[in-house]
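A.B. asks: my_file-v6.txt is reproduced below (compact mmCIF, C-alpha atoms).
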# COMPACT_ATOMS: atom_id res chain seq x y z
CA MET O 10 -11.82 -4.40 -21.21
CA GLU O 11 -8.37 -4.58 -19.64
CA GLU O 12 -6.34 -1.41 -19.42
CA GLN O 13 -3.69 -1.15 -22.13
CA ARG O 14 -0.39 -0.31 -20.48
CA PRO O 15 2.68 0.98 -22.37
CA ALA O 16 5.73 -1.20 -22.70
CA TRP O 17 7.73 0.92 -20.27
CA HIS O 18 5.18 0.28 -17.51
CA TRP O 19 6.98 -2.92 -16.45
CA TRP O 20 10.33 -1.09 -16.30
CA ARG O 21 8.92 1.58 -14.00
CA HIS O 22 6.60 -0.51 -11.81
CA GLY O 23 7.85 -4.08 -12.22
CA PRO O 24 6.35 -7.05 -14.05
CA PRO O 25 2.87 -8.06 -12.88
CA TRP O 26 4.02 -11.50 -11.69
CA TRP O 27 6.71 -10.09 -9.40
CA SER O 28 5.82 -8.98 -5.91
CA ALA O 29 7.94 -7.90 -2.99
CA PRO O 30 8.28 -10.49 -0.22
CA ASP O 31 5.93 -9.97 2.67
CA ALA O 32 7.79 -8.98 5.81
CA ALA O 33 5.14 -10.63 7.94
CA GLU O 34 5.83 -14.06 6.41
CA PRO O 35 9.23 -15.71 5.90
CA HIS O 36 10.14 -15.65 2.21
CA ARG O 37 11.30 -19.08 1.05
CA PRO O 38 12.98 -19.02 -2.38
CA ARG O 39 11.61 -21.35 -5.02
CA TRP O 40 13.60 -23.86 -7.00
CA PRO O 41 14.16 -22.44 -10.53
CA TRP O 42 13.74 -25.75 -12.34
CA ARG O 43 12.46 -24.47 -15.66
CA SER O 44 15.05 -21.75 -16.17
CA THR O 45 17.86 -24.09 -15.12
CA VAL O 46 16.77 -26.70 -17.67
CA LEU O 47 16.62 -24.03 -20.38
CA PHE O 48 20.08 -22.71 -19.45
CA THR O 49 21.52 -26.23 -19.50
CA ALA O 50 20.09 -26.98 -22.93
CA PHE O 51 21.27 -23.66 -24.32
CA VAL O 52 24.81 -24.02 -22.94
CA LEU O 53 25.23 -27.61 -24.18
CA ILE O 54 23.85 -26.94 -27.65
CA GLY O 55 25.63 -23.60 -27.97
CA SER O 56 28.97 -25.07 -26.86
CA HIS O 57 28.59 -27.82 -29.46
CA PHE O 58 28.26 -25.29 -32.27
CA ALA O 59 30.97 -23.05 -30.79
CA ALA O 60 33.45 -25.96 -30.78
CA GLN O 61 33.00 -26.38 -34.53
CA GLY O 62 34.43 -22.92 -35.14
CA GLU O 63 37.35 -23.21 -32.70
CA HIS O 64 39.53 -25.98 -34.12
CA HIS O 65 42.59 -24.69 -32.25
CA ARG O 66 40.93 -25.55 -28.91
CA VAL O 67 40.46 -28.96 -27.34
CA PRO O 68 37.36 -30.71 -28.78
CA LEU O 69 34.44 -31.30 -26.49
CA ASP O 70 34.57 -34.66 -24.75
CA GLY O 71 32.77 -36.31 -21.89
CA TYR O 72 34.75 -34.43 -19.26
CA ALA O 73 33.92 -31.08 -20.92
CA ARG O 74 30.21 -31.90 -20.99
CA VAL O 75 30.33 -32.90 -17.33
CA LEU O 76 31.84 -29.52 -16.48
CA LEU O 77 29.16 -27.72 -18.50
CA VAL O 78 26.37 -29.68 -16.82
CA VAL O 79 27.84 -29.06 -13.36
CA ALA O 80 28.07 -25.31 -14.03
CA CYS O 81 24.45 -25.23 -15.19
CA VAL O 82 22.97 -27.50 -12.51
CA THR O 83 24.67 -25.39 -9.84
CA LEU O 84 22.30 -22.59 -10.88
CA LEU O 85 19.46 -24.58 -9.34
CA TRP O 86 20.63 -23.32 -5.91
CA ARG O 87 21.20 -19.70 -6.97
CA ASN O 88 18.17 -18.36 -5.04
CA ARG O 89 19.00 -20.22 -1.82
CA TYR O 90 22.79 -19.98 -1.78
CA PRO O 91 23.73 -17.15 -4.17
CA VAL O 92 27.26 -16.64 -2.82
CA ALA O 93 28.24 -20.31 -3.07
CA VAL O 94 26.73 -20.57 -6.56
CA ALA O 95 28.57 -17.44 -7.75
CA PHE O 96 31.96 -18.80 -6.69
CA GLY O 97 31.03 -22.32 -7.82
CA THR O 98 30.15 -21.35 -11.39
CA ALA O 99 33.21 -19.11 -11.63
CA THR O 100 35.46 -21.98 -10.46
CA VAL O 101 33.91 -24.55 -12.80
CA THR O 102 34.06 -22.14 -15.75
CA LEU O 103 37.70 -21.37 -14.98
CA GLY O 104 38.49 -25.10 -14.88
CA TYR O 105 36.66 -25.58 -18.19
CA LEU O 106 38.72 -22.83 -19.89
CA ALA O 107 41.97 -23.95 -18.27
CA ALA O 108 41.42 -27.41 -19.78
CA GLY O 109 41.54 -25.78 -23.22
CA TYR O 110 37.90 -26.31 -24.18
CA PRO O 111 36.22 -23.87 -26.58
CA TYR O 112 34.84 -20.53 -25.50
CA GLY O 113 31.10 -20.14 -25.74
CA PRO O 114 27.87 -20.04 -23.72
CA VAL O 115 29.60 -21.31 -20.60
CA PHE O 116 29.94 -17.65 -19.60
CA LEU O 117 26.16 -17.50 -19.35
CA THR O 118 26.30 -19.48 -16.09
CA VAL O 119 28.62 -16.84 -14.62
CA ALA O 120 26.31 -14.04 -15.74
CA VAL O 121 23.23 -15.68 -14.20
CA SER O 122 24.93 -16.50 -10.90
CA CYS O 123 26.39 -12.98 -10.67
CA HIS O 124 22.95 -11.46 -11.27
CA SER O 125 21.37 -13.65 -8.58
CA ALA O 126 24.04 -12.73 -6.03
CA VAL O 127 23.77 -9.00 -6.72
CA VAL O 128 19.97 -8.98 -6.58
CA ALA O 129 20.08 -10.95 -3.33
CA GLY O 130 22.28 -8.24 -1.81
CA HIS O 131 25.64 -10.08 -1.95
CA ARG O 132 27.34 -7.53 -4.13
CA ARG O 133 30.88 -8.03 -2.84
CA ALA O 134 30.64 -11.77 -3.38
CA ALA O 135 29.44 -11.23 -6.95
CA TRP O 136 32.29 -8.84 -7.71
CA ALA O 137 34.81 -11.16 -6.06
CA SER O 138 33.66 -14.19 -8.07
CA VAL O 139 33.89 -12.26 -11.34
CA ALA O 140 37.32 -10.93 -10.38
CA LEU O 141 38.42 -14.48 -9.54
CA LEU O 142 37.35 -15.72 -12.97
CA TRP O 143 39.08 -12.88 -14.80
CA ALA O 144 42.31 -13.15 -12.78
CA GLY O 145 42.42 -16.93 -13.25
CA HIS O 146 41.81 -16.65 -16.98
CA ALA O 147 44.48 -13.96 -17.33
CA LEU O 148 46.94 -16.16 -15.46
CA VAL O 149 46.18 -19.10 -17.75
CA ALA O 150 46.19 -17.10 -21.00
CA LEU O 151 49.35 -15.09 -20.28
CA TRP O 152 51.55 -17.56 -18.39
CA LEU O 153 50.21 -21.07 -17.65
CA TYR O 154 49.21 -21.76 -21.28
CA ARG O 155 52.67 -23.31 -21.85
CA TRP O 156 51.86 -26.25 -19.59
CA LEU O 157 48.12 -26.56 -20.19
CA PRO O 158 46.20 -27.96 -23.17
CA PRO O 159 45.94 -27.52 -26.05
CA SER O 160 49.56 -28.15 -26.95
CA GLY O 161 51.27 -25.45 -28.93
CA ASP O 162 48.83 -22.80 -27.74
CA ASN O 163 49.96 -19.17 -27.90
CA SER O 164 49.51 -16.39 -25.41
CA GLY O 165 46.06 -14.83 -25.43
CA GLY O 166 47.36 -11.30 -25.40
CA LEU O 167 46.35 -8.24 -23.44
CA THR O 168 43.58 -7.28 -25.90
CA GLN O 169 41.74 -10.52 -25.29
CA GLU O 170 41.88 -9.98 -21.52
CA ILE O 171 40.56 -6.44 -21.90
CA VAL O 172 37.63 -7.74 -23.94
CA ILE O 173 36.83 -10.38 -21.33
CA ALA O 174 37.15 -7.84 -18.50
CA THR O 175 34.82 -5.48 -20.36
CA TRP O 176 32.26 -8.25 -20.81
CA LEU O 177 32.43 -9.19 -17.12
CA LEU O 178 32.06 -5.55 -16.05
CA ALA O 179 29.02 -5.23 -18.29
CA VAL O 180 27.48 -8.31 -16.62
CA VAL O 181 28.05 -6.85 -13.16
CA ALA O 182 26.76 -3.42 -14.22
CA LEU O 183 23.54 -4.90 -15.62
CA SER O 184 23.12 -6.93 -12.44
CA GLU O 185 23.53 -3.78 -10.34
CA LEU O 186 20.97 -1.99 -12.49
CA ALA O 187 18.53 -4.88 -12.04
CA ARG O 188 19.10 -4.73 -8.27
CA VAL O 189 18.36 -0.99 -8.16
CA ARG O 190 15.17 -1.39 -10.21
CA ARG O 191 14.03 -4.31 -8.06
CA GLU O 192 14.52 -2.28 -4.87
CA GLN O 193 12.64 0.62 -6.44
CA TRP O 194 9.74 -1.69 -7.36
CA ALA O 195 9.67 -3.01 -3.79
CA ARG O 196 9.56 0.54 -2.37
CA GLU O 197 6.83 1.61 -4.77
CA ARG O 198 4.70 -1.46 -4.02
CA ALA O 199 5.19 -0.95 -0.29
CA ASP O 200 4.17 2.71 -0.66
CA ARG O 201 1.07 1.73 -2.62
CA ALA O 202 0.15 -0.90 -0.05
CA GLN O 203 0.62 1.61 2.78
CA ALA O 204 -1.51 4.17 0.93
CA ALA O 205 -4.23 1.56 0.42
CA ARG O 206 -4.16 0.68 4.13
CA ARG O 207 -4.33 4.38 5.02
CA ARG O 208 -7.33 4.89 2.75
CA ALA O 209 -9.01 1.85 4.30
CA ASP O 210 -8.35 3.21 7.80
CA GLU O 211 -9.76 6.60 6.84
CA GLU O 212 -12.84 4.95 5.36
CA ARG O 213 -13.37 2.90 8.51
CA LEU O 214 -13.10 6.06 10.62
CA ARG O 215 -15.58 7.84 8.37
CA ILE O 216 -18.09 4.99 8.61
CA ALA O 217 -17.58 4.81 12.38
CA ARG O 218 -18.30 8.54 12.66
CA GLU O 219 -21.44 8.23 10.55
CA LEU O 220 -22.78 5.30 12.55
CA HIS O 221 -21.93 6.98 15.84
CA ASP O 222 -23.68 10.21 14.87
CA VAL O 223 -26.77 8.42 13.57
CA LEU O 224 -27.14 5.95 16.40
CA ALA O 225 -26.13 8.23 19.27
CA HIS O 226 -28.74 10.85 18.40
CA SER O 227 -31.56 8.44 17.66
CA ILE O 228 -30.90 6.19 20.64
CA SER O 229 -30.70 9.22 22.94
CA VAL O 230 -34.15 10.32 21.76
CA ILE O 231 -35.46 6.76 22.14
CA ASN O 232 -34.00 6.52 25.64
CA VAL O 233 -35.59 9.79 26.78
CA GLN O 234 -38.95 8.92 25.26
CA ALA O 235 -38.89 5.40 26.68
CA GLY O 236 -38.29 6.77 30.16
CA MET O 237 -41.08 9.29 29.70
CA GLY O 238 -43.44 6.62 28.39
CA LEU O 239 -42.76 4.34 31.34
CA ALA O 240 -43.33 7.19 33.80
CA LEU O 241 -46.63 8.25 32.16
CA LEU O 242 -47.93 4.84 31.19
CA ASP O 243 -50.45 4.71 34.08
CA SER O 244 -51.12 8.40 34.76
CA ASP O 245 -51.25 9.75 31.19
CA PRO O 246 -51.72 7.06 28.52
CA GLU O 247 -52.02 9.65 25.73
CA GLN O 248 -48.58 11.10 26.51
CA ALA O 249 -47.18 7.58 26.76
CA ARG O 250 -48.66 6.78 23.35
CA ALA O 251 -47.06 9.94 21.93
CA ALA O 252 -43.69 8.87 23.38
CA LEU O 253 -44.04 5.47 21.73
CA ALA O 254 -44.87 7.16 18.42
CA THR O 255 -41.71 9.26 18.74
CA ILE O 256 -39.68 6.13 19.49
CA LYS O 257 -41.10 4.46 16.38
CA ALA O 258 -40.27 7.47 14.17
CA ALA O 259 -36.75 7.86 15.61
CA SER O 260 -35.96 4.15 15.23
CA LYS O 261 -37.28 4.14 11.66
CA GLU O 262 -35.12 7.12 10.73
CA ALA O 263 -32.07 5.56 12.41
CA LEU O 264 -32.59 2.32 10.52
CA GLY O 265 -32.91 4.23 7.26
CA GLU O 266 -29.66 6.14 7.80
CA VAL O 267 -27.78 3.03 8.95
CA ARG O 268 -29.04 1.21 5.84
CA GLN O 269 -27.81 4.11 3.69
CA VAL O 270 -24.34 3.88 5.27
CA LEU O 271 -24.24 0.12 4.75
CA ASP O 272 -25.42 0.48 1.15
CA THR O 273 -22.32 2.53 0.39
CA LEU O 274 -20.23 -0.42 1.57
CA ARG O 275 -22.06 -2.90 -0.63
CA ALA O 276 -22.07 -0.64 -3.70
CA SER O 277 -18.37 -1.34 -4.54
CA GLY O 278 -17.47 2.16 -5.67
CA ASP O 279 -20.89 3.19 -6.99
CA ALA O 280 -22.41 6.47 -5.90
CA PRO O 281 -24.88 6.33 -2.99
CA ARG O 282 -28.48 6.13 -4.14
CA ALA O 283 -29.72 8.50 -1.41
CA PRO O 284 -28.29 12.00 -0.81
CA ALA O 285 -26.23 12.59 2.30
CA PRO O 286 -28.01 14.55 5.03
CA GLY O 287 -27.34 18.28 5.26
CA LEU O 288 -28.56 21.44 6.95
CA ASP O 289 -31.80 21.24 4.95
CA ARG O 290 -32.79 18.53 7.42
CA LEU O 291 -32.20 20.77 10.41
CA PRO O 292 -35.99 21.24 11.01
CA GLU O 293 -36.34 17.46 11.41
CA LEU O 294 -33.49 17.51 13.90
CA VAL O 295 -35.17 20.29 15.85
CA GLU O 296 -38.42 18.31 15.94
CA GLN O 297 -36.64 15.21 17.21
CA ALA O 298 -34.93 17.28 19.92
CA ALA O 299 -38.31 18.79 20.87
CA ALA O 300 -39.75 15.28 21.16
CA ALA O 301 -36.93 14.51 23.61
CA GLY O 302 -37.86 17.58 25.65
CA LEU O 303 -35.19 19.93 24.30
CA ALA O 304 -36.23 23.28 22.81
CA VAL O 305 -33.84 24.48 20.12
CA ASP O 306 -33.60 28.04 18.80
CA ILE O 307 -32.00 28.64 15.38
CA GLU O 308 -30.25 32.00 14.97
CA GLY O 309 -29.02 33.29 11.65
CA PRO O 310 -29.85 32.17 8.10
CA LEU O 311 -28.91 28.66 7.02
CA PRO O 312 -25.83 28.93 4.78
CA ARG O 313 -25.38 27.20 1.44
CA LEU O 314 -22.34 24.97 1.76
CA PRO O 315 -20.53 22.44 -0.45
CA PRO O 316 -21.68 18.84 0.16
CA GLY O 317 -18.81 17.87 2.46
CA ALA O 318 -19.13 20.93 4.68
CA ASP O 319 -22.93 20.65 4.63
CA LEU O 320 -22.79 17.07 5.95
CA ALA O 321 -20.16 17.99 8.56
CA ALA O 322 -22.20 20.96 9.81
CA PHE O 323 -25.33 18.82 10.13
CA ARG O 324 -23.50 16.06 11.99
CA ILE O 325 -21.83 18.54 14.34
CA VAL O 326 -25.21 20.10 15.24
CA GLN O 327 -26.71 16.61 15.64
CA GLU O 328 -23.93 15.43 17.95
CA ALA O 329 -23.94 18.65 19.99
CA LEU O 330 -27.73 18.46 20.55
CA THR O 331 -27.41 14.76 21.41
CA ASN O 332 -24.85 15.66 24.07
CA VAL O 333 -27.21 18.31 25.48
CA VAL O 334 -30.01 15.75 25.74
CA ARG O 335 -27.76 13.15 27.38
CA HIS O 336 -25.44 15.19 29.57
CA SER O 337 -27.02 18.55 30.34
CA GLY O 338 -29.76 19.53 32.75
CA SER O 339 -30.83 22.33 30.43
CA ARG O 340 -33.94 21.87 28.29
CA HIS O 341 -33.00 24.73 26.01
CA ALA O 342 -30.26 25.05 23.37
CA ARG O 343 -29.30 27.68 20.83
CA VAL O 344 -27.78 27.06 17.39
CA ARG O 345 -26.25 30.11 15.72
CA PHE O 346 -24.95 30.38 12.15
CA ALA O 347 -22.61 33.18 11.00
CA ASP O 348 -21.16 33.03 7.47
CA ASP O 349 -18.68 35.71 6.38
CA GLY O 350 -18.22 34.27 2.88
CA ASP O 351 -14.97 32.41 3.62
CA ALA O 352 -15.83 30.49 6.78
CA LEU O 353 -18.92 29.39 8.63
CA ARG O 354 -18.95 29.91 12.39
CA LEU O 355 -21.35 27.42 13.94
CA ARG O 356 -22.07 27.76 17.66
CA ILE O 357 -24.22 25.50 19.85
CA ASP O 358 -24.91 26.64 23.45
CA ASP O 359 -26.83 25.22 26.35
CA ASP O 360 -27.41 26.72 29.77
CA GLY O 361 -26.39 23.70 31.86
CA PRO O 362 -25.80 22.52 34.44
CA ALA O 363 -24.04 19.26 33.57
CA THR O 364 -25.69 16.09 34.85
CA GLY O 365 -22.53 13.94 34.97
CA ALA O 366 -18.76 13.92 34.99
CA ASP O 367 -18.65 13.59 31.19
CA ALA O 368 -20.41 16.87 30.51
CA GLY O 369 -20.32 17.90 26.93
CA GLY O 370 -20.33 14.30 25.72
CA SER O 371 -18.11 11.26 25.70
CA GLY O 372 -14.74 11.37 24.00
CA ASN O 373 -15.97 9.67 20.84
CA GLY O 374 -18.54 12.33 19.98
CA LEU O 375 -16.20 15.29 20.40
CA ALA O 376 -13.39 13.40 18.65
CA GLY O 377 -15.71 12.70 15.72
CA MET O 378 -16.65 16.36 15.44
CA ARG O 379 -12.98 17.40 15.49
CA GLU O 380 -12.12 14.82 12.81
CA ARG O 381 -14.91 16.08 10.56
CA ALA O 382 -13.79 19.68 10.94
CA ALA O 383 -10.10 18.85 10.46
CA ALA O 384 -10.86 16.89 7.27
CA LEU O 385 -12.29 20.09 5.77
CA GLY O 386 -9.55 22.38 7.10
CA GLY O 387 -11.70 23.68 9.97
CA THR O 388 -11.51 23.64 13.75
CA ILE O 389 -13.67 22.68 16.73
CA GLU O 390 -13.59 24.26 20.18
CA ALA O 391 -15.71 22.69 22.93
CA GLY O 392 -15.82 23.40 26.64
CA PRO O 393 -17.82 24.78 29.58
CA ARG O 394 -18.93 28.40 29.62
CA PRO O 395 -18.23 30.69 32.59
CA ASP O 396 -21.98 30.86 33.38
CA GLY O 397 -22.23 27.08 33.79
CA GLY O 398 -23.39 26.06 30.33
CA PHE O 399 -21.51 24.31 27.55
CA ARG O 400 -20.47 25.60 24.14
CA VAL O 401 -19.40 23.97 20.90
CA LEU O 402 -17.85 26.33 18.36
CA ALA O 403 -17.05 25.04 14.88
CA VAL O 404 -15.33 26.99 12.12
CA LEU O 405 -15.75 25.38 8.69
CA PRO O 406 -14.62 26.70 5.29
CA SER O 407 -17.52 27.89 3.14
CA GLN O 408 -15.73 27.05 -0.10
CA PRO O 409 -14.37 23.60 -1.07
CA ARG O 410 -10.61 23.21 -0.81
CA GLU O 411 -8.81 22.81 -4.14
CA ASP O 412 -6.56 20.03 -2.87
CA GLN O 413 -9.48 17.76 -1.92
Would you put the structure from the file into structure tokens?
C.D. replies:
Amino acid sequence: MEEQRPAWHWWRHGPPWWSAPDAAEPHRPRWPWRSTVLFTAFVLIGSHFAAQGEHHRVPLDGYARVLLVVACVTLLWRNRYPVAVAFGTATVTLGYLAAGYPYGPVFLTVAVSCHSAVVAGHRRAAWASVALLWAGHALVALWLYRWLPPSGDNSGGLTQEIVIATWLLAVVALSELARVRREQWARERADRAQAARRRADEERLRIARELHDVLAHSISVINVQAGMGLALLDSDPEQARAALATIKAASKEALGEVRQVLDTLRASGDAPRAPAPGLDRLPELVEQAAAAGLAVDIEGPLPRLPPGADLAAFRIVQEALTNVVRHSGSRHARVRFADDGDALRLRIDDDGPATGADAGGSGNGLAGMRERAAALGGTIEAGPRPDGGFRVLAVLPSQPREDQ
């Protein structure tokens, strides 16, 4: 079922059919055929009925209808040339009134053209066109009426001019209000689009981190075991067979975790069907590291963490051990947990020495760990130890943040 929105929703957020022009593409105004036809019909029919109640004015004739049609048809260009249309309708309307024809819906053309000019950003032009119409009408009604039709016409009086000025000011004020609301709608839609792009970027970074952590660890184990299997293939077939078995298990687990990440993309907002990995899978991680020739000692009890922190802690340990396997000459690592109730201090040490210039891991791995910690309000410190080893120290909050 569609969401029922209150009537004021359009006033606050704009009608659903209106959208702000895309800055990346040139915005070409459309021809307002339908509205122009409706305005023309309304002005012609309305002027016909208005003339029946104004017998002291000049009756409508062919010339009057031509002026009405010209004023209405000019509105067809109001989106492309708003300034010219604003002055054009004001001039035609002033000529219509100066000829002594009845008052009536002809003022609608001025209101529409003024609104289009104001919304398009030509505020001074809109005000000037309205001022031109009022000044011309005042000149005709207070002075030139003696020489203009209808014959025997009297002065319009100051009250009439005040009424007309008030009506014109109301038209301009409503146009200004429409312009402000339109700009507000454009800002709100741009903000929502930017927020959507930011969420999409964050989701892409999260998926990239997950895939990097899964694949980097598993492929590192596969690489080590493949090298060992090739070296022992002739001298020790049993050890080579064990290395192949480890490669099979690591690749199967990597495929399973990659499939889980991809399932979250296909699920379209549904919850993942498999739980995210956490510190409860640390024994499996230790076994995989042992299969790659790295002995891992766990110090301290495993803490109970909220799901987000639990996943981050597991991935940080996984990435740190992967870096030890790939970039350290040490075959021994220590993982220490210390939880004081508010924060978890997670430390991973190896004894070195580094086997390459990128000791401690490539930039992507450390950057991923820092992003995970920062997303939870924690920190990551990574660097060489004075004794030649390498240390990764993560501080993660033990309690979920209220603003997440």
A.B. asks: Could you check the closest approach to Leu151 of chain O for each of O:Ile228, O:Leu167, O:Ala50, O:Val189 and tell me which residue wins, using all atoms listed in the file?
C.D. replies: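 So, comparing all the options, the nearest one is O:Leu167.
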A.B. asks: For atom CA of His341 of chain O and atom CA of Ala304 of chain O, determine how far apart the two atoms are, in Å to one decimal place.
C.D. replies: 4.8 Å
A.B. asks: In the coordinates of the file, take the point (25.1, -14.0, -14.8) and a cut-off of 10 Å; then, counting all atoms listed in the file, name each qualifying protein, DNA or RNA residue as a list of chain:residue names.
C.D. replies: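 Checking each residue against the 10 Å limit leaves O:Leu84, O:Ala95, O:Thr98, O:Phe116, O:Leu117, O:Thr118, O:Val119, O:Ala120, O:Val121, O:Ser122, O:Cys123, O:His124, O:Ser125, O:Ala126, O:Val127, O:Ala135, O:Val139, O:Leu177, O:Val180, O:Val181, O:Leu183, O:Ser184.
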A.B. asks: What separation in Å, quoted to one decimal, exists between atom CA of Ile173 of chain O and atom CA of Ala60 of chain O?
C.D. replies: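 So the answer is 18.5 Å.
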A.B. asks: What does the structure give for the distance between atom CA of Pro286 of chain O and atom CA of Ala251 of chain O, in Å to one decimal?
C.D. replies: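 So the two atoms, atom CA of Pro286 of chain O and atom CA of Ala251 of chain O, lie 25.9 Å apart.
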A.B. asks: List the spatial neighbours of Ala298 of chain O as JSON, numbers by chain - criterion: any atom at most 10 Å away, only C-alpha atoms, same-chain residues fewer than 5 positions off excluded.
C.D. replies: {"O": [226, 227, 229, 230, 292, 293, 303, 304, 305, 327, 330, 331, 333, 334, 340, 341, 342]}
